[in-house]
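S.K.: Dropping in protein-v4.tsv, with TSV, C-alpha atoms and all ligand atoms.
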```tsv
chain	number	residue	atom	x	y	z
A	26	MET	CA	0.77	-10.74	10.64
A	27	ILE	CA	1.56	-8.18	7.98
A	28	ASP	CA	-0.40	-5.02	7.20
A	29	LEU	CA	1.18	-3.38	4.19
A	30	HIS	CA	-1.24	-0.47	4.04
A	31	ALA	CA	-2.75	1.13	7.14
A	32	HIS	CA	-3.45	4.75	8.01
A	33	ILE	CA	-2.45	4.54	11.66
A	34	ASP	CA	-2.42	8.34	11.98
A	35	LEU	CA	-6.10	8.56	11.06
A	36	TYR	CA	-7.56	6.43	13.87
A	37	PRO	CA	-9.07	8.38	16.76
A	38	ASP	CA	-6.27	7.18	19.06
A	39	PRO	CA	-3.22	6.52	16.84
A	40	SER	CA	-0.79	5.86	19.70
A	41	SER	CA	-2.86	3.04	21.13
A	42	ILE	CA	-3.16	1.41	17.69
A	43	ALA	CA	0.61	1.61	17.19
A	44	ARG	CA	1.22	0.21	20.66
A	45	ARG	CA	-1.18	-2.68	20.10
A	46	CYS	CA	0.54	-3.49	16.78
A	47	GLY	CA	3.82	-3.56	18.68
A	48	GLU	CA	2.40	-5.91	21.31
A	49	LEU	CA	1.03	-8.24	18.65
A	50	GLY	CA	4.27	-8.12	16.64
A	51	ILE	CA	2.54	-7.00	13.45
A	52	TRP	CA	4.59	-5.69	10.53
A	53	VAL	CA	2.90	-2.46	9.46
A	54	LEU	CA	3.50	-0.13	6.57
A	55	SER	CA	2.02	3.03	8.01
A	56	VAL	CA	1.07	5.13	4.99
A	57	THR	CA	0.43	8.87	5.01
A	58	ASN	CA	-1.82	11.02	2.84
A	59	THR	CA	0.28	14.20	2.92
A	60	PRO	CA	4.04	14.76	3.16
A	61	SER	CA	3.50	17.15	6.07
A	62	ALA	CA	1.97	14.29	8.09
A	63	TRP	CA	5.09	12.15	7.84
A	64	GLU	CA	7.15	13.35	10.83
A	65	GLN	CA	4.33	12.96	13.32
A	66	THR	CA	3.20	9.65	11.88
A	67	ALA	CA	6.75	8.29	11.92
A	68	ALA	CA	6.97	9.25	15.61
A	69	LEU	CA	4.07	6.85	16.32
A	70	GLY	CA	6.34	4.00	15.27
A	71	SER	CA	9.36	5.08	17.28
A	72	GLY	CA	10.67	2.19	19.35
A	73	LEU	CA	8.51	-0.20	17.29
A	74	PRO	CA	10.87	-1.60	14.64
A	75	ARG	CA	8.13	-3.43	12.77
A	76	ILE	CA	6.27	-0.24	11.98
A	77	ARG	CA	7.61	1.55	8.91
A	78	THR	CA	6.26	4.90	7.80
A	79	ALA	CA	5.72	5.73	4.15
A	80	LEU	CA	5.81	9.18	2.63
A	81	GLY	CA	2.69	9.87	0.59
A	82	LEU	CA	0.44	12.31	-1.18
A	83	HIS	CA	-2.97	10.77	-1.73
A	84	PRO	CA	-4.41	11.32	-5.23
A	85	GLN	CA	-7.67	12.58	-3.73
A	86	LEU	CA	-5.66	15.42	-2.16
A	87	ALA	CA	-3.55	16.13	-5.25
A	88	ARG	CA	-4.95	19.56	-5.96
A	89	GLU	CA	-5.24	20.68	-2.36
A	90	ARG	CA	-1.73	19.55	-1.33
A	91	LYS	CA	0.29	19.88	-4.53
A	92	HIS	CA	2.20	22.68	-2.83
A	93	GLU	CA	3.66	20.12	-0.43
A	94	LEU	CA	5.58	18.36	-3.22
A	95	PRO	CA	8.89	20.06	-2.31
A	96	ILE	CA	8.73	18.25	1.05
A	97	PHE	CA	9.25	14.99	-0.87
A	98	ARG	CA	12.68	16.21	-1.91
A	99	GLN	CA	13.59	17.24	1.63
A	100	MET	CA	12.58	13.84	3.03
A	101	ILE	CA	14.27	11.80	0.35
A	102	CYS	CA	16.72	10.11	2.73
A	103	LYS	CA	14.27	9.53	5.56
A	104	THR	CA	12.33	6.54	4.32
A	105	LYS	CA	12.43	3.70	1.85
A	106	TYR	CA	8.65	3.63	1.60
A	107	VAL	CA	6.33	5.72	-0.49
A	108	GLY	CA	2.54	5.78	-0.10
A	109	GLU	CA	-0.19	6.43	-0.39
A	110	VAL	CA	0.31	7.69	-3.94
A	111	GLY	CA	-1.37	7.00	-7.27
A	112	LEU	CA	-4.39	8.06	-9.29
A	113	ASP	CA	-8.14	8.04	-8.67
A	114	GLY	CA	-10.44	7.98	-11.69
A	115	ALA	CA	-13.71	8.21	-9.73
A	116	ILE	CA	-16.12	10.85	-10.96
A	117	GLU	CA	-15.56	13.17	-7.98
A	118	CYS	CA	-11.79	13.12	-8.57
A	119	LYS	CA	-11.91	13.73	-12.33
A	120	PRO	CA	-12.05	17.55	-12.04
A	121	PHE	CA	-8.44	17.55	-10.81
A	122	TRP	CA	-7.13	14.67	-12.88
A	123	GLY	CA	-4.37	16.91	-14.26
A	124	ASP	CA	-3.11	17.64	-10.74
A	125	GLN	CA	-3.16	13.94	-9.92
A	126	VAL	CA	-1.02	13.05	-12.93
A	127	GLU	CA	1.36	15.91	-12.17
A	128	VAL	CA	1.80	14.87	-8.54
A	129	PHE	CA	2.16	11.13	-9.21
A	130	THR	CA	4.65	11.76	-12.01
A	131	ALA	CA	6.68	14.21	-9.92
A	132	ILE	CA	6.88	11.69	-7.05
A	133	LEU	CA	8.06	8.88	-9.33
A	134	GLU	CA	10.64	11.24	-10.83
A	135	VAL	CA	12.05	12.01	-7.39
A	136	TRP	CA	12.37	8.35	-6.40
A	137	SER	CA	13.82	7.36	-9.77
A	138	GLU	CA	16.74	9.68	-9.10
A	139	VAL	CA	17.63	8.18	-5.73
A	140	GLY	CA	16.89	4.52	-6.30
A	141	GLY	CA	13.93	2.32	-5.77
A	142	ARG	CA	11.54	2.29	-2.90
A	143	VAL	CA	8.48	0.28	-1.96
A	144	LEU	CA	5.53	2.13	-3.44
A	145	SER	CA	2.04	1.58	-2.03
A	146	ILE	CA	-0.24	2.63	-4.86
A	147	HIS	CA	-3.89	3.62	-5.12
A	148	SER	CA	-5.41	2.86	-8.53
A	149	ARG	CA	-9.20	3.08	-8.15
A	150	ARG	CA	-10.78	3.35	-11.61
A	151	ALA	CA	-7.39	4.28	-12.97
A	152	ALA	CA	-5.36	1.06	-13.13
A	153	SER	CA	-4.43	1.43	-16.82
A	154	GLU	CA	-3.36	5.03	-16.32
A	155	VAL	CA	-1.30	4.10	-13.23
A	156	LEU	CA	0.43	1.32	-15.15
A	157	ALA	CA	1.15	3.65	-18.10
A	158	ILE	CA	2.92	6.11	-15.78
A	159	LEU	CA	4.76	3.35	-13.88
A	160	ARG	CA	6.14	2.05	-17.19
A	161	ARG	CA	7.89	5.39	-17.67
A	162	PHE	CA	9.69	5.10	-14.32
A	163	PRO	CA	11.10	1.58	-14.02
A	164	LEU	CA	13.68	2.75	-11.47
A	165	ALA	CA	11.20	4.35	-9.06
A	166	GLY	CA	10.83	1.19	-7.01
A	167	VAL	CA	8.68	-1.86	-6.52
A	168	PRO	CA	5.02	-0.97	-7.11
A	169	VAL	CA	2.55	-2.60	-4.75
A	170	LEU	CA	-1.00	-2.06	-5.96
A	171	HIS	CA	-3.14	-1.75	-2.87
A	172	TRP	CA	-6.81	-2.87	-2.96
A	173	PHE	CA	-6.72	-3.56	-6.71
A	174	THR	CA	-10.15	-3.23	-8.33
A	175	GLY	CA	-9.27	-3.05	-12.02
A	176	THR	CA	-10.31	-5.38	-14.81
A	177	HIS	CA	-8.82	-8.80	-15.48
A	178	LYS	CA	-6.93	-7.31	-18.44
A	179	GLU	CA	-5.48	-4.57	-16.24
A	180	LEU	CA	-4.51	-7.19	-13.68
A	181	ARG	CA	-2.66	-9.22	-16.31
A	182	ASP	CA	-0.84	-6.06	-17.44
A	183	ALA	CA	0.08	-5.22	-13.83
A	184	ILE	CA	1.46	-8.73	-13.27
A	185	GLU	CA	3.49	-8.48	-16.47
A	186	LEU	CA	4.90	-5.15	-15.31
A	187	GLY	CA	6.14	-6.80	-12.11
A	188	CYS	CA	3.63	-5.26	-9.70
A	189	TRP	CA	2.97	-6.69	-6.27
A	190	PHE	CA	-0.43	-6.63	-4.60
A	191	SER	CA	-1.71	-6.00	-1.08
A	192	VAL	CA	-5.11	-7.55	-0.40
A	193	GLY	CA	-7.42	-7.04	2.53
A	194	PRO	CA	-10.55	-8.37	4.21
A	195	ALA	CA	-12.79	-5.86	2.42
A	196	MET	CA	-11.48	-7.09	-0.94
A	197	LEU	CA	-11.86	-10.77	-0.22
A	198	ARG	CA	-15.61	-10.39	0.22
A	199	SER	CA	-16.10	-9.92	-3.53
A	200	ALA	CA	-16.26	-12.89	-5.90
A	201	LYS	CA	-14.47	-10.92	-8.64
A	202	SER	CA	-11.63	-10.01	-6.29
A	203	MET	CA	-11.30	-13.59	-5.07
A	204	GLU	CA	-10.94	-14.66	-8.70
A	205	GLN	CA	-8.32	-11.98	-9.23
A	206	VAL	CA	-6.36	-12.87	-6.11
A	207	ALA	CA	-6.18	-16.39	-7.53
A	208	MET	CA	-4.65	-14.91	-10.71
A	209	MET	CA	-2.00	-12.92	-8.79
A	210	PRO	CA	1.41	-14.58	-8.39
A	211	MET	CA	1.48	-16.14	-4.92
A	212	ASP	CA	4.98	-14.77	-4.38
A	213	ARG	CA	3.89	-11.16	-4.93
A	214	ILE	CA	0.99	-10.89	-2.47
A	215	LEU	CA	0.90	-9.27	0.97
A	216	THR	CA	-2.00	-8.46	3.27
A	217	GLU	CA	-3.40	-5.06	4.24
A	218	SER	CA	-6.23	-3.54	6.26
A	219	ASP	CA	-6.43	-0.03	4.72
A	220	GLY	CA	-7.87	0.88	8.13
A	221	PRO	CA	-9.61	2.98	9.19
A	222	PHE	CA	-10.99	3.40	5.65
A	223	GLY	CA	-11.24	-0.34	5.09
A	224	GLN	CA	-14.31	-1.50	6.94
A	225	GLN	CA	-16.05	-4.68	7.86
A	226	ASP	CA	-19.64	-4.89	9.10
A	227	GLY	CA	-19.75	-1.10	9.34
A	228	ARG	CA	-16.74	-0.72	11.62
A	229	PRO	CA	-13.20	0.29	10.69
A	230	LEU	CA	-10.68	-2.49	10.22
A	231	HIS	CA	-7.53	-2.60	12.35
A	232	PRO	CA	-4.12	-3.92	11.35
A	233	TRP	CA	-4.72	-7.14	13.33
A	234	ASP	CA	-7.82	-7.86	11.22
A	235	VAL	CA	-5.53	-8.88	8.35
A	236	GLU	CA	-5.54	-12.30	9.97
A	237	THR	CA	-9.07	-12.79	8.65
A	238	THR	CA	-7.64	-12.87	5.10
A	239	HIS	CA	-5.51	-15.90	5.91
A	240	SER	CA	-8.32	-18.42	5.58
A	241	ALA	CA	-9.37	-16.99	2.20
A	242	LEU	CA	-5.78	-17.14	0.98
A	243	ALA	CA	-5.44	-20.70	2.32
A	244	HIS	CA	-8.54	-21.63	0.35
A	245	ILE	CA	-7.32	-19.98	-2.87
A	246	TRP	CA	-3.80	-21.38	-2.63
A	247	ARG	CA	-4.93	-24.78	-1.30
A	248	VAL	CA	-2.48	-24.63	1.58
A	249	THR	CA	-2.81	-24.55	5.37
A	250	SER	CA	-3.05	-21.33	7.39
A	251	GLU	CA	0.47	-21.98	8.70
A	252	GLU	CA	1.72	-22.12	5.13
A	253	VAL	CA	-0.06	-18.84	4.35
A	254	THR	CA	1.80	-17.19	7.23
A	255	ALA	CA	5.11	-18.58	5.96
A	256	ILE	CA	4.44	-17.49	2.37
A	257	LEU	CA	3.53	-13.95	3.43
A	258	ARG	CA	6.58	-13.70	5.68
A	259	ARG	CA	8.81	-14.84	2.82
A	260	ASN	CA	7.20	-12.33	0.47
A	261	LEU	CA	7.78	-9.50	2.93
A	262	SER	CA	11.46	-10.39	3.22
A	263	ARG	CA	11.83	-10.49	-0.55
A	264	LEU	CA	10.03	-7.20	-0.98
A	265	GLY	CA	12.29	-5.64	1.62
A	266	ALA	CA	15.41	-7.12	0.05
A	267	SER	CA	14.42	-5.84	-3.38
A	268	VAL	CA	14.76	-2.27	-2.12
A	269	THR	CA	17.90	-2.87	-0.12
A	270	TRP	CA	15.99	-2.94	3.13
A	271	ALA	CA	15.83	-6.09	5.22
A	272	PRO	CA	13.39	-6.38	8.10
A	273	PRO	CA	15.20	-6.85	11.41
A	274	SER	CA	15.30	-10.55	12.24
A	275	GLY	CA	12.97	-11.93	14.85
A	276	PRO	CA	10.03	-14.26	15.31
B	301	MN	MN	-5.48	3.88	1.84
```
Hey, can you dump this file as structure tokens for me?
Ligand code: MN
M.R.:
Amino acid sequence: MIDLHAHIDLYPDPSSIARRCGELGIWVLSVTNTPSAWEQTAALGSGLPRIRTALGLHPQLARERKHELPIFRQMICKTKYVGEVGLDGAIECKPFWGDQVEVFTAILEVWSEVGGRVLSIHSRRAASEVLAILRRFPLAGVPVLHWFTGTHKELRDAIELGCWFSVGPAMLRSAKSMEQVAMMPMDRILTESDGPFGQQDGRPLHPWDVETTHSALAHIWRVTSEEVTAILRRNLSRLGASVTWAPPSGP
């Protein structure tokens, strides 16, 4: 199983979630919402080689945590993963849109200087704007649009730009999203929970819940569940290789 976007540090008992992921052998990209949360969150994955910790500054916190941007520079060599970063065009986030653009641009500038990373990107109601900024920084890394909810046109633009996508159980409940997942290149899709924010039946999703996406993907791709697992595993290896990081070998 692969969870390319989970907020392990935000569960009530983060250590037990990390441990369980280790026991189940799940690959997890553990994203953070502020650079100052990175050290502690990375410690949750210590001794668990399949948990990787991404350095992020969530767009919803752009104004509040802009002052933490210098930490990005200090941590430049610590991780090959960036997230959660991006833009949020929802009405409640519009008042600090300028801060969001400033932060997202500054982050992409930093990573462009040191070579590409895997970028887990938030683009709620702002897909076109996210793509416009990404176009300016082709060397920043491989963009993975998490929980994509843009229009079909924006999706086509994102595919053309070379974006990858992480899709989760919450997303696969919507007919529009199912249609869009079918449009996404099969070799650029990974699974995610976005837990504990991603929810199902009123309870937070966990990284192991990504397995519930496999049957939907099998249906869309007209393959067996075993083939879905193999496709996702292959995609993860390619994504890793594209940023000069290869997952340690193992079952
Ligand atoms: Mn998230």
S.K.: Residues at most 6 Å from region 163-172 of chain A, counting all atoms listed in the file, excluding those fewer than 2 positions away in the same chain, as a CSV table (one decimal) with C-alpha atoms, in the frame of the given file?
M.R.:
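Generated file (part_36.csv):
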```
chain,number,residue,atom,x,y,z
A,133,LEU,CA,8.1,8.9,-9.3
A,136,TRP,CA,12.4,8.4,-6.4
A,137,SER,CA,13.8,7.4,-9.8
A,141,GLY,CA,13.9,2.3,-5.8
A,142,ARG,CA,11.5,2.3,-2.9
A,143,VAL,CA,8.5,0.3,-2.0
A,144,LEU,CA,5.5,2.1,-3.4
A,145,SER,CA,2.0,1.6,-2.0
A,146,ILE,CA,-0.2,2.6,-4.9
A,147,HIS,CA,-3.9,3.6,-5.1
A,160,ARG,CA,6.1,2.0,-17.2
A,188,CYS,CA,3.6,-5.3,-9.7
A,189,TRP,CA,3.0,-6.7,-6.3
A,190,PHE,CA,-0.4,-6.6,-4.6
A,191,SER,CA,-1.7,-6.0,-1.1
A,192,VAL,CA,-5.1,-7.6,-0.4
```
S.K.: In terms of the shortest atom-to-atom distance over all atoms listed in the file, which of A:Phe222, A:Trp63, A:Trp122, A:Phe97 is closest to ligand MN 301 (chain B)?
M.R.: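 Smallest distance to ligand MN 301 (chain B) is found for A:Phe222.
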S.K.: Using all atoms listed in the file, which residue out of A:Arg149, A:Arg90, A:Arg77, A:Arg45 lies closest to ligand MN 301 (chain B)?
M.R.: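 Closest to ligand MN 301 (chain B), using all atoms listed in the file: A:Arg149.
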S.K.: So how many Å separate CA of Met203 (chain A) and CA of Val155 (chain A), to one decimal?
M.R.: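 About the pair CA of Met203 (chain A) and CA of Val155 (chain A): they are 21.9 Å apart.
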S.K.: Show me which residues sit within 9 Å of ligand MN 301 (chain B) when counting only C-alpha atoms and all ligand atoms, and put them as a CSV table (one decimal) with C-alpha atoms, in the coordinates of the input.
M.R.:
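And here is the file that came out, selection.csv:
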```csv
chain,number,residue,atom,x,y,z
A,30,HIS,CA,-1.2,-0.5,4.0
A,31,ALA,CA,-2.8,1.1,7.1
A,32,HIS,CA,-3.4,4.8,8.0
A,56,VAL,CA,1.1,5.1,5.0
A,57,THR,CA,0.4,8.9,5.0
A,58,ASN,CA,-1.8,11.0,2.8
A,83,HIS,CA,-3.0,10.8,-1.7
A,108,GLY,CA,2.5,5.8,-0.1
A,109,GLU,CA,-0.2,6.4,-0.4
A,145,SER,CA,2.0,1.6,-2.0
A,146,ILE,CA,-0.2,2.6,-4.9
A,147,HIS,CA,-3.9,3.6,-5.1
A,171,HIS,CA,-3.1,-1.8,-2.9
A,172,TRP,CA,-6.8,-2.9,-3.0
A,218,SER,CA,-6.2,-3.5,6.3
A,219,ASP,CA,-6.4,0.0,4.7
A,220,GLY,CA,-7.9,0.9,8.1
A,221,PRO,CA,-9.6,3.0,9.2
A,222,PHE,CA,-11.0,3.4,5.6
A,223,GLY,CA,-11.2,-0.3,5.1
```
S.K.: Report, in Å with one decimal, the straight-line distance from CA of Ile214 (chain A) to CA of Leu257 (chain A).
M.R.: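 Distance reported for this atom pair: 7.1 Å.
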S.K.: My list of candidates is A:Ala243, A:Leu82, A:Ala157, A:Val235. Which is closest to Glu217 (chain A) when distances are computed with only C-alpha atoms?
M.R.: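 That would be A:Val235, the residue with the smallest distance to Glu217 (chain A).
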S.K.: Take CA of Ser55 (chain A) and CA of Thr78 (chain A) and report the distance between them in Å, one decimal.
M.R.: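 According to the coordinates, CA of Ser55 (chain A) and CA of Thr78 (chain A) are separated by 4.6 Å.
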S.K.: Using only C-alpha atoms, which of A:Val126, A:Ile158, A:Leu69, A:Leu54 sits nearest Ile42 (chain A)?
M.R.: A:Leu69
S.K.: For a quick check of understanding, using only C-alpha atoms, which of A:Arg150, A:His239, A:Lys91, A:Arg213 has the smallest distance to Leu261 (chain A)?
M.R.: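 Using only C-alpha atoms, Leu261 (chain A) sits closest to A:Arg213.
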S.K.: Choose the residue, out of A:Leu180, A:Ile245, A:Leu86, A:Leu159, that has the smallest atom-to-atom separation from Ala200 (chain A); count all atoms listed in the file.
M.R.: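 The answer is A:Ile245, which sits nearest to Ala200 (chain A).
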S.K.: For Ile76 (chain A), work out the shell of residues within 6 Å, counting only C-alpha atoms and skipping chain neighbours fewer than 2 positions away, then give it as a ChimeraX atom specification.
M.R.: /A:52-53,70,73-74
S.K.: Lys119 (chain A): which residues within 12 Å, counting only C-alpha atoms, same-chain residues fewer than 6 positions away excluded, as a compact mmCIF listing (two decimals) with C-alpha atoms, in the frame of the given file?
M.R.:
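result24.txt, written as the output of this step:
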```
# COMPACT_ATOMS: atom_id res chain seq x y z
CA PRO A 84 -4.41 11.32 -5.23
CA GLN A 85 -7.67 12.58 -3.73
CA ALA A 87 -3.55 16.13 -5.25
CA ARG A 88 -4.95 19.56 -5.96
CA LEU A 112 -4.39 8.06 -9.29
CA ASP A 113 -8.14 8.04 -8.67
CA GLN A 125 -3.16 13.94 -9.92
CA VAL A 126 -1.02 13.05 -12.93
CA ARG A 149 -9.20 3.08 -8.15
CA ARG A 150 -10.78 3.35 -11.61
CA ALA A 151 -7.39 4.28 -12.97
```
S.K.: Taking the point (-12.3, -13.2, -10.8) as given in the file, collect each protein or nucleic acid residue that comes within 12 Å of it, counting only C-alpha atoms, and present the set as a PDB file with C-alpha atoms, in the coordinates of the input.
M.R.:
```pdb
ATOM      1  CA  PHE A 173      -6.720  -3.560  -6.710  1.00  0.00           C
ATOM      2  CA  THR A 174     -10.150  -3.230  -8.330  1.00  0.00           C
ATOM      3  CA  GLY A 175      -9.270  -3.050 -12.020  1.00  0.00           C
ATOM      4  CA  THR A 176     -10.310  -5.380 -14.810  1.00  0.00           C
ATOM      5  CA  HIS A 177      -8.820  -8.800 -15.480  1.00  0.00           C
ATOM      6  CA  LYS A 178      -6.930  -7.310 -18.440  1.00  0.00           C
ATOM      7  CA  LEU A 180      -4.510  -7.190 -13.680  1.00  0.00           C
ATOM      8  CA  ARG A 181      -2.660  -9.220 -16.310  1.00  0.00           C
ATOM      9  CA  MET A 196     -11.480  -7.090  -0.940  1.00  0.00           C
ATOM     10  CA  LEU A 197     -11.860 -10.770  -0.220  1.00  0.00           C
ATOM     11  CA  ARG A 198     -15.610 -10.390   0.220  1.00  0.00           C
ATOM     12  CA  SER A 199     -16.100  -9.920  -3.530  1.00  0.00           C
ATOM     13  CA  ALA A 200     -16.260 -12.890  -5.900  1.00  0.00           C
ATOM     14  CA  LYS A 201     -14.470 -10.920  -8.640  1.00  0.00           C
ATOM     15  CA  SER A 202     -11.630 -10.010  -6.290  1.00  0.00           C
ATOM     16  CA  MET A 203     -11.300 -13.590  -5.070  1.00  0.00           C
ATOM     17  CA  GLU A 204     -10.940 -14.660  -8.700  1.00  0.00           C
ATOM     18  CA  GLN A 205      -8.320 -11.980  -9.230  1.00  0.00           C
ATOM     19  CA  VAL A 206      -6.360 -12.870  -6.110  1.00  0.00           C
ATOM     20  CA  ALA A 207      -6.180 -16.390  -7.530  1.00  0.00           C
ATOM     21  CA  MET A 208      -4.650 -14.910 -10.710  1.00  0.00           C
ATOM     22  CA  MET A 209      -2.000 -12.920  -8.790  1.00  0.00           C
ATOM     23  CA  ILE A 245      -7.320 -19.980  -2.870  1.00  0.00           C
TER      24      ILE A 245
END
```
S.K.: Box for region 138-141 of chain A: with edges along x, y and z, all listed atoms inside and 3 Å added on each side, what are the centre and edge lengths in Å to one decimal, as lines of an AutoDock Vina configuration file?
M.R.:
```
center_x = 15.8
center_y = 6.0
center_z = -7.4
size_x = 9.7
size_y = 13.4
size_z = 9.4
```
S.K.: Kindly reconstruct region 157-173 of chain A with N, CA and C atoms and present the result as an mmCIF file, in the coordinates of the input.
M.R.:
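Final output, part.cif:
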```cif
data_model
loop_
_atom_site.group_PDB
_atom_site.id
_atom_site.type_symbol
_atom_site.label_atom_id
_atom_site.label_comp_id
_atom_site.auth_asym_id
_atom_site.auth_seq_id
_atom_site.Cartn_x
_atom_site.Cartn_y
_atom_site.Cartn_z
ATOM 1 N N ALA A 157 0.493 2.899 -17.015
ATOM 2 C CA ALA A 157 1.150 3.650 -18.100
ATOM 3 C C ALA A 157 2.224 4.573 -17.514
ATOM 4 N N ILE A 158 1.930 5.205 -16.389
ATOM 5 C CA ILE A 158 2.920 6.110 -15.780
ATOM 6 C C ILE A 158 4.063 5.290 -15.150
ATOM 7 N N LEU A 159 3.714 4.190 -14.491
ATOM 8 C CA LEU A 159 4.760 3.350 -13.880
ATOM 9 C C LEU A 159 5.758 2.851 -14.928
ATOM 10 N N ARG A 160 5.252 2.532 -16.111
ATOM 11 C CA ARG A 160 6.140 2.050 -17.190
ATOM 12 C C ARG A 160 7.214 3.062 -17.532
ATOM 13 N N ARG A 161 6.910 4.336 -17.345
ATOM 14 C CA ARG A 161 7.890 5.390 -17.670
ATOM 15 C C ARG A 161 8.977 5.517 -16.613
ATOM 16 N N PHE A 162 8.747 4.937 -15.432
ATOM 17 C CA PHE A 162 9.690 5.100 -14.320
ATOM 18 C C PHE A 162 10.099 3.748 -13.725
ATOM 19 N N PRO A 163 10.772 2.936 -14.512
ATOM 20 C CA PRO A 163 11.100 1.580 -14.020
ATOM 21 C C PRO A 163 12.042 1.589 -12.817
ATOM 22 N N LEU A 164 12.723 2.713 -12.578
ATOM 23 C CA LEU A 164 13.680 2.750 -11.470
ATOM 24 C C LEU A 164 13.083 3.329 -10.192
ATOM 25 N N ALA A 165 11.808 3.685 -10.227
ATOM 26 C CA ALA A 165 11.200 4.350 -9.060
ATOM 27 C C ALA A 165 11.061 3.414 -7.864
ATOM 28 N N GLY A 166 10.959 2.120 -8.125
ATOM 29 C CA GLY A 166 10.830 1.190 -7.010
ATOM 30 C C GLY A 166 9.910 0.039 -7.343
ATOM 31 N N VAL A 167 9.555 -0.710 -6.320
ATOM 32 C CA VAL A 167 8.680 -1.860 -6.520
ATOM 33 C C VAL A 167 7.237 -1.413 -6.262
ATOM 34 N N PRO A 168 6.399 -1.413 -7.307
ATOM 35 C CA PRO A 168 5.020 -0.970 -7.110
ATOM 36 C C PRO A 168 4.184 -2.058 -6.440
ATOM 37 N N VAL A 169 3.498 -1.679 -5.386
ATOM 38 C CA VAL A 169 2.550 -2.600 -4.750
ATOM 39 C C VAL A 169 1.172 -1.974 -4.932
ATOM 40 N N LEU A 170 0.341 -2.605 -5.737
ATOM 41 C CA LEU A 170 -1.000 -2.060 -5.960
ATOM 42 C C LEU A 170 -1.865 -2.459 -4.782
ATOM 43 N N HIS A 171 -2.346 -1.458 -4.062
ATOM 44 C CA HIS A 171 -3.140 -1.750 -2.870
ATOM 45 C C HIS A 171 -4.617 -1.781 -3.275
ATOM 46 N N TRP A 172 -5.357 -2.727 -2.726
ATOM 47 C CA TRP A 172 -6.810 -2.870 -2.960
ATOM 48 C C TRP A 172 -7.129 -2.758 -4.462
ATOM 49 N N PHE A 173 -6.523 -3.611 -5.255
ATOM 50 C CA PHE A 173 -6.720 -3.560 -6.710
ATOM 51 C C PHE A 173 -8.168 -3.869 -7.071
#
```
